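Asks: Just dropping this structure here.
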2 protein chains.
Amino acid sequence: MYAIAIHGGAGALPAQGLSIERQRLYHDGLAAALDCGYAVLERGGSSLDAVTAAVRVLEDDPLFNSARGAALTREGGAELDAALMDGHTLRAGAVATVRHVKNPIELARRVMEKSRHVLLVGAGAEEFALEEGFELVPNAYFRTAERHEELEHLRSGRTVSELMPSPQGTVGAVARDAAGHLAAATSTGGMANKRPGRVGDSPIIGAGTYAKDGVCAVSATGHGEYFMRLVAAHHIAASVEYRGVGLTAAVRETLHERLRDLGGTGGIIAVDGEGHICLDFTTEGMFRAARDSKGLRVVASGAATR
Amino acid sequence: MYAIAIHGGAGALPAQGLSIERQRLYHDGLAAALDCGYAVLERGGSSLDAVTAAVRVLEDDPLFNSARGAALTREGGAELDAALMDGHTLRAGAVATVRHVKNPIELARRVMEKSRHVLLVGAGAEEFALEEGFELVPNAYFRTAERHEELEHLRSGRTVSELMPSPQGTVGAVARDAAGHLAAATSTGGMANKRPGRVGDSPIIGAGTYAKDGVCAVSATGHGEYFMRLVAAHHIAASVEYRGVGLTAAVRETLHERLRDLGGTGGIIAVDGEGHICLDFTTEGMFRAARDSKGLRVVASGAATR
């Protein structure tokens with residue numbers, strides 16, 4: 001049994017709904033990332049390689065809020081955060097507020113594998129990237145016309161839902177490989193119109209990203225500050241491990257009770273030790289997809305039971 | 001019942017032991033911070049005010065690794081991290097890699113109270129500080145001759161324990177006030193000779209700092225990367241809340257089993273919902289102190305049962 005799930009952000013849907021054409025573009029992007037990650041699992045690769053590969057595809061796709069296509073800071077720049085965790089060894093790597101690394105998820109992985117550290121931020125993270133032979137790209141590489149338009153809307157006090165939907169939140173992936181190992185990865189441009197230097201839940205191990213073999217792997221999307229205050233991803237894992245509740249119930253309680261009680265909304269993708277997938281959200285929609293070796297294959301965006 | 005505990009770093013003791021004179025200086029510094037925080041509780045103040053006040057005293061004291069007296073990066077600069085959490089509301093604020101804010105714990109508190117965010121890093125955090133009327137200080141304010149000497153030792157491949165002991169780790173405080181509310185605060189210069197941009201567990205909610213009313217407040221010190229991978233502070237809280245183990249047992253298992261199994265060492269101070277204090281560490285020593293309204297008052301540094 002092996003399985004992978006991904007998300008491409010959660011948030012409000014436009015009042016008029018997604019156009020068929022627009023929805024198709026997003027679903028195609030999700031499907032490409034899903035199948036890329038699934039192919040790694042299918043050929044016997046690790047869950048860590050699968051989530052890295054899937055997130056990399058979403059980072060490169062300008063439709064999603066990570067790397068190319070990232071939401072912009074209030075000063076109009078792209079500041080990128082990413083993290084991943086290996087449930088087998090509990091090793092983790094993360095980067096935050098990087099501005100010139102094409103695939104932040106690959107830098108996060110390098111932090112995990114080659115540095116003594118878990119989290120590097122800002123210019124120090126980019127210094128490490130250069131030492132490791134990463135090629136830097138101009139910040140303009142990440143900035144799309146659509147994100148500039150979104151920022152202009154926000155600056156003028158209009159809400160994003162009046163726009164064509166540029167997903168808020170993040171992208172992420174969770175997987176269980178045939179050997180039973182779990183992994184999670186998350187990457188984001190953060191909140192549109194954010195203050196430079198703001199770091200959300202995505203690169204915080206335990207908040208937006210967490211994995212532990214035999215328990216679960218979790219990636220979150222939504223209003224990051226609430227996930228940080230709840231230590232949401234680890235709370236889900238602790239609920240599964242110590243409260244004897246299943247993954248679906250643990251995710252449900254965290255999102256629909258704890259997060260809601262604080263005033264936050266968002267979504268979670270998760271997979272448990274047996275490869276069961278959970279996709280849940282309290283927003284109107286969440287771009288999401290999942291596939292497993294038993295034949296499950298789903299790509300969705302609107303409200304639904306999974 | 002009200003109570004406060006503080007720490008001033010954990011690590012190896014010098015082979016020849018601490019000189020009496022040196023130990024007195026550290027104990028005086030700890031006592032000053034302890035009594036400053038305790039005075040807040042005694043006059044009916046909040047646990048949040050108490051931990052902020054205690055940590056501020058330790059930040060200003062050049063003997064401890066936070067703010068003035070911070071351990072230096074491999075490039076010889078001071079980069080400061082701090083966080084605090086209010087167990088009553090689960091609000092939290094944190095800053096990382098700030099270089100010019102005299103009291104990072106006060107900036108973390110301002111992030112919690114005045115921004116929409118939980119964590120701000122680098123220049124963005126300092127921009128926020130300026131907007132909020134904080135006066136910036138030169139980076140040289142934080143750098144002491146002793147820390148420069150420590151860095152030279154590390155650069156030349158000698159170990160820190162050959163030095164007069166400059167505590168590794170962090171400073172922190174946890175408290176329960178008379179109203180039963182819990183709070184935790186942590187502040188650090190991080191690991192000596194660290195890579196610029198490295199962020200440890202101190203400013204990560206759930207890793208080095210966590211508080212939840214009725215459960216516990218926790219502040220960690222030690223090898224931060226291991227605390228991050230374990231989501232240690234939240235793991236302790238989840239163990240108390242969901243596994244039905246007491247705080248002392250939860251801290252003990254996290255430090256002496258989970259952290260040790262990963263290869264990490266460090267210390268924890270914590271207080272539970274009833275005001276019982278736990279001070280534990282797997283290093284040779286930890287600078288620590290505690291005081292409660294039942295008459296407990298302890299200031300210690302070497303190996304001991306509390």
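Naming works like this for the structure tokens: A, B, ... for the chains as they're shown, residue 1 at the start of each chain, ligands 1 onward in shown order.
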Each residue of chain A lying at most 9 Å from chain B should get a row with its shortest atom-to-atom pair and the distance in Å to one decimal, counting only C-alpha atoms; could you produce that, ordered by chain and increasing number, as CSV?

Replies:
```
residue,atom,partner,partner_atom,distance
A:Met85,CA,B:Arg229,CA,8.6
A:Thr89,CA,B:Leu262,CA,8.7
A:Leu90,CA,B:Arg229,CA,6.1
A:Arg91,CA,B:Arg229,CA,6.4
A:Ala92,CA,B:Arg229,CA,6.5
A:Ala96,CA,B:Val121,CA,8.9
A:Thr97,CA,B:Val121,CA,8.2
A:Arg116,CA,B:Glu225,CA,8.0
A:His117,CA,B:Glu225,CA,6.1
A:Val118,CA,B:Glu225,CA,5.8
A:Leu119,CA,B:Val199,CA,5.5
A:Leu120,CA,B:Arg198,CA,4.5
A:Val121,CA,B:Gly197,CA,4.8
A:Gly122,CA,B:Gly197,CA,6.2
A:Ala123,CA,B:Gly197,CA,6.7
A:Gly124,CA,B:Gly197,CA,4.2
A:Ala125,CA,B:Gly197,CA,6.1
A:Glu127,CA,B:Pro196,CA,8.7
A:Phe128,CA,B:Arg195,CA,8.6
A:Arg195,CA,B:Gly124,CA,7.0
A:Pro196,CA,B:Gly124,CA,5.0
A:Gly197,CA,B:Gly124,CA,4.2
A:Arg198,CA,B:Leu120,CA,4.5
A:Val199,CA,B:Leu119,CA,5.5
A:Gly200,CA,B:Leu119,CA,7.0
A:Ile204,CA,B:Ile204,CA,7.2
A:Ile205,CA,B:Met228,CA,6.7
A:Gly206,CA,B:Val231,CA,6.0
A:Ala207,CA,B:Gly206,CA,8.0
A:Tyr210,CA,B:Arg229,CA,9.0
A:Gly224,CA,B:His117,CA,8.7
A:Glu225,CA,B:Val118,CA,5.8
A:Tyr226,CA,B:Val118,CA,8.8
A:Met228,CA,B:Ile205,CA,6.7
A:Arg229,CA,B:Leu90,CA,6.1
A:Leu230,CA,B:Leu90,CA,7.6
A:Val231,CA,B:Gly206,CA,6.0
A:His234,CA,B:Val231,CA,7.3
A:His235,CA,B:Ala238,CA,7.5
A:Ala238,CA,B:Ala238,CA,6.5
A:Ser239,CA,B:Tyr242,CA,7.6
A:Tyr242,CA,B:Arg243,CA,5.9
A:Arg243,CA,B:Tyr242,CA,5.9
A:Leu262,CA,B:Leu90,CA,8.5
```

Asks: Report the residues of segment 89-245 of chain A whose backbone DSSP state falls under alpha helix (DSSP H), written as a PyMOL selection string.

Replies: chain A and resi 104-114+122-131+145-155+224-230+232-242

Asks: Can you write just those residues out, C-alpha atoms, as a PDB file, in the first residue's frame?

Replies:
```
ATOM      1  CA  PRO A 104      12.552  26.397  -1.901  1.00  0.00           C
ATOM      2  CA  ILE A 105      11.497  22.798  -1.162  1.00  0.00           C
ATOM      3  CA  GLU A 106      14.806  21.571  -2.563  1.00  0.00           C
ATOM      4  CA  LEU A 107      16.703  24.017  -0.399  1.00  0.00           C
ATOM      5  CA  ALA A 108      14.710  22.843   2.645  1.00  0.00           C
ATOM      6  CA  ARG A 109      15.707  19.301   1.791  1.00  0.00           C
ATOM      7  CA  ARG A 110      19.352  20.319   1.477  1.00  0.00           C
ATOM      8  CA  VAL A 111      19.150  22.016   4.879  1.00  0.00           C
ATOM      9  CA  MET A 112      17.913  18.706   6.277  1.00  0.00           C
ATOM     10  CA  GLU A 113      20.548  16.621   4.548  1.00  0.00           C
ATOM     11  CA  LYS A 114      23.644  18.806   4.533  1.00  0.00           C
ATOM     12  CA  GLY A 122      16.758  35.091   4.739  1.00  0.00           C
ATOM     13  CA  ALA A 123      20.204  35.928   3.397  1.00  0.00           C
ATOM     14  CA  GLY A 124      21.772  33.193   5.534  1.00  0.00           C
ATOM     15  CA  ALA A 125      19.614  30.588   3.807  1.00  0.00           C
ATOM     16  CA  GLU A 126      20.665  31.947   0.424  1.00  0.00           C
ATOM     17  CA  GLU A 127      24.323  31.914   1.449  1.00  0.00           C
ATOM     18  CA  PHE A 128      23.865  28.219   2.239  1.00  0.00           C
ATOM     19  CA  ALA A 129      22.130  27.740  -1.124  1.00  0.00           C
ATOM     20  CA  LEU A 130      25.106  29.256  -2.949  1.00  0.00           C
ATOM     21  CA  GLU A 131      27.575  27.145  -0.977  1.00  0.00           C
ATOM     22  CA  ALA A 145       1.034  39.639 -13.434  1.00  0.00           C
ATOM     23  CA  GLU A 146      -1.881  38.010 -11.649  1.00  0.00           C
ATOM     24  CA  ARG A 147      -0.199  38.336  -8.243  1.00  0.00           C
ATOM     25  CA  HIS A 148       0.623  41.978  -8.909  1.00  0.00           C
ATOM     26  CA  GLU A 149      -3.049  42.518  -9.743  1.00  0.00           C
ATOM     27  CA  GLU A 150      -4.085  40.713  -6.557  1.00  0.00           C
ATOM     28  CA  LEU A 151      -1.781  42.937  -4.510  1.00  0.00           C
ATOM     29  CA  GLU A 152      -3.217  46.064  -6.118  1.00  0.00           C
ATOM     30  CA  HIS A 153      -6.698  44.882  -5.222  1.00  0.00           C
ATOM     31  CA  LEU A 154      -5.728  44.241  -1.613  1.00  0.00           C
ATOM     32  CA  ARG A 155      -3.909  47.563  -1.316  1.00  0.00           C
ATOM     33  CA  GLY A 224      -1.049  30.292   9.202  1.00  0.00           C
ATOM     34  CA  GLU A 225      -0.989  32.204  12.474  1.00  0.00           C
ATOM     35  CA  TYR A 226      -3.815  30.062  13.858  1.00  0.00           C
ATOM     36  CA  PHE A 227      -2.073  26.851  12.866  1.00  0.00           C
ATOM     37  CA  MET A 228       1.060  28.115  14.642  1.00  0.00           C
ATOM     38  CA  ARG A 229      -0.769  28.925  17.865  1.00  0.00           C
ATOM     39  CA  LEU A 230      -2.393  25.474  17.862  1.00  0.00           C
ATOM     40  CA  ALA A 232      -1.772  22.119  14.550  1.00  0.00           C
ATOM     41  CA  ALA A 233       0.152  19.452  12.645  1.00  0.00           C
ATOM     42  CA  HIS A 234       1.728  18.073  15.812  1.00  0.00           C
ATOM     43  CA  HIS A 235      -1.597  18.345  17.612  1.00  0.00           C
ATOM     44  CA  ILE A 236      -3.124  16.065  15.011  1.00  0.00           C
ATOM     45  CA  ALA A 237      -0.252  13.599  15.370  1.00  0.00           C
ATOM     46  CA  ALA A 238      -0.463  13.675  19.179  1.00  0.00           C
ATOM     47  CA  SER A 239      -4.226  13.108  18.971  1.00  0.00           C
ATOM     48  CA  VAL A 240      -3.709  10.041  16.790  1.00  0.00           C
ATOM     49  CA  GLU A 241      -0.864   8.721  18.931  1.00  0.00           C
ATOM     50  CA  TYR A 242      -2.108   9.489  22.426  1.00  0.00           C
TER      51      TYR A 242
END
```

Asks: So that I can check the surroundings of Ala3 of chain A, please list as number ranges by chain every protein, DNA and RNA residue that reaches within 7 Å of it, counting only C-alpha atoms and ignoring chain neighbours fewer than 4 positions away.

Replies: A: 175-177, 275, 291-293

Asks: Just checking: using only C-alpha atoms, which residue out of A:Thr248, A:Thr73, A:Thr221, A:Asn103 ends up closest to Ile6 of chain A?

Replies: A:Thr221

Asks: Please identify the strand (DSSP E) residues within segment 33-173 of chain A (assignment by DSSP from backbone atoms) and present them as an NGL selection string.

Replies: :A and (80-86 or 91-98 or 119-121 or 171-173)

Asks: Can you pull out the residues contacting Ser187 of chain A? Cut-off 7 Å, using only C-alpha atoms, and skip same-chain residues under 4 positions away; I want them as a VMD selection string.

Replies: chain A and resid 66 81 to 83 105 170 to 172 202

Asks: Keeping only N, CA and C atoms, take the residues you just selected and write them out as a PDB file, in the first residue's frame.

Replies:
```
ATOM      1  N   SER A  66       3.216  29.392  -4.441  1.00  0.00           N
ATOM      2  CA  SER A  66       4.515  28.927  -3.951  1.00  0.00           C
ATOM      3  C   SER A  66       5.508  29.128  -5.077  1.00  0.00           C
ATOM      4  N   ASP A  81       8.720  30.438   1.755  1.00  0.00           N
ATOM      5  CA  ASP A  81       8.937  29.553   2.900  1.00  0.00           C
ATOM      6  C   ASP A  81       8.674  28.116   2.467  1.00  0.00           C
ATOM      7  N   ALA A  82       9.421  27.173   3.006  1.00  0.00           N
ATOM      8  CA  ALA A  82       9.172  25.759   2.699  1.00  0.00           C
ATOM      9  C   ALA A  82       9.754  24.880   3.796  1.00  0.00           C
ATOM     10  N   ALA A  83       9.182  23.693   3.932  1.00  0.00           N
ATOM     11  CA  ALA A  83       9.692  22.727   4.915  1.00  0.00           C
ATOM     12  C   ALA A  83       9.345  21.322   4.482  1.00  0.00           C
ATOM     13  N   ILE A 105      11.617  24.122  -1.769  1.00  0.00           N
ATOM     14  CA  ILE A 105      11.497  22.798  -1.162  1.00  0.00           C
ATOM     15  C   ILE A 105      12.805  22.015  -1.318  1.00  0.00           C
ATOM     16  N   THR A 170      -1.086  27.693   0.532  1.00  0.00           N
ATOM     17  CA  THR A 170       0.197  27.073   0.274  1.00  0.00           C
ATOM     18  C   THR A 170       0.013  25.917  -0.694  1.00  0.00           C
ATOM     19  N   VAL A 171       1.098  25.250  -0.991  1.00  0.00           N
ATOM     20  CA  VAL A 171       1.008  23.935  -1.616  1.00  0.00           C
ATOM     21  C   VAL A 171       1.684  22.938  -0.670  1.00  0.00           C
ATOM     22  N   GLY A 172       1.297  21.689  -0.799  1.00  0.00           N
ATOM     23  CA  GLY A 172       1.905  20.696   0.082  1.00  0.00           C
ATOM     24  C   GLY A 172       1.610  19.289  -0.377  1.00  0.00           C
ATOM     25  N   SER A 202       3.842  27.247   7.453  1.00  0.00           N
ATOM     26  CA  SER A 202       4.379  26.250   6.510  1.00  0.00           C
ATOM     27  C   SER A 202       5.777  25.752   6.884  1.00  0.00           C
TER      28      SER A 202
END
```

Asks: Would you please work out which residue, of A:Gly87, A:Gly37, A:Gly76, A:Gly29, is nearest to Ala179 of chain A when using only C-alpha atoms?

Replies: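 Under the stated criterion, the closest residue is A:Gly87.
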
Asks: Can you list, as a ChimeraX atom specification, every protein, DNA or RNA residue that comes within 12 Å of Ala50 of chain A when you count only C-alpha atoms, leaving out same-chain residues fewer than 6 positions away?

Replies: /A:2-6,33-44,56-57,84,86,172-178,181-185

Asks: Residues near Ala10 of chain A, anyone? I mean within 8 Å using only C-alpha atoms, not counting same-chain ones fewer than 5 positions away, as a count of residues only.

Replies: 14

Asks: Could you check which of B:Thr254, B:Ala220, B:Tyr141, B:Arg24 is closest to His7 of chain B, using only C-alpha atoms?

Replies: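 Of B:Thr254, B:Ala220, B:Tyr141, B:Arg24, the one nearest His7 of chain B is B:Ala220, counting only C-alpha atoms.
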
Asks: Neighbouring residues of Arg252 of chain A were defined as those with any atom within 10 Å, considering only C-alpha atoms; residues of the same chain fewer than 6 positions away were excluded. Please report them as a ChimeraX atom specification.

Replies: /A:236,246,258-259,267-268,278-282
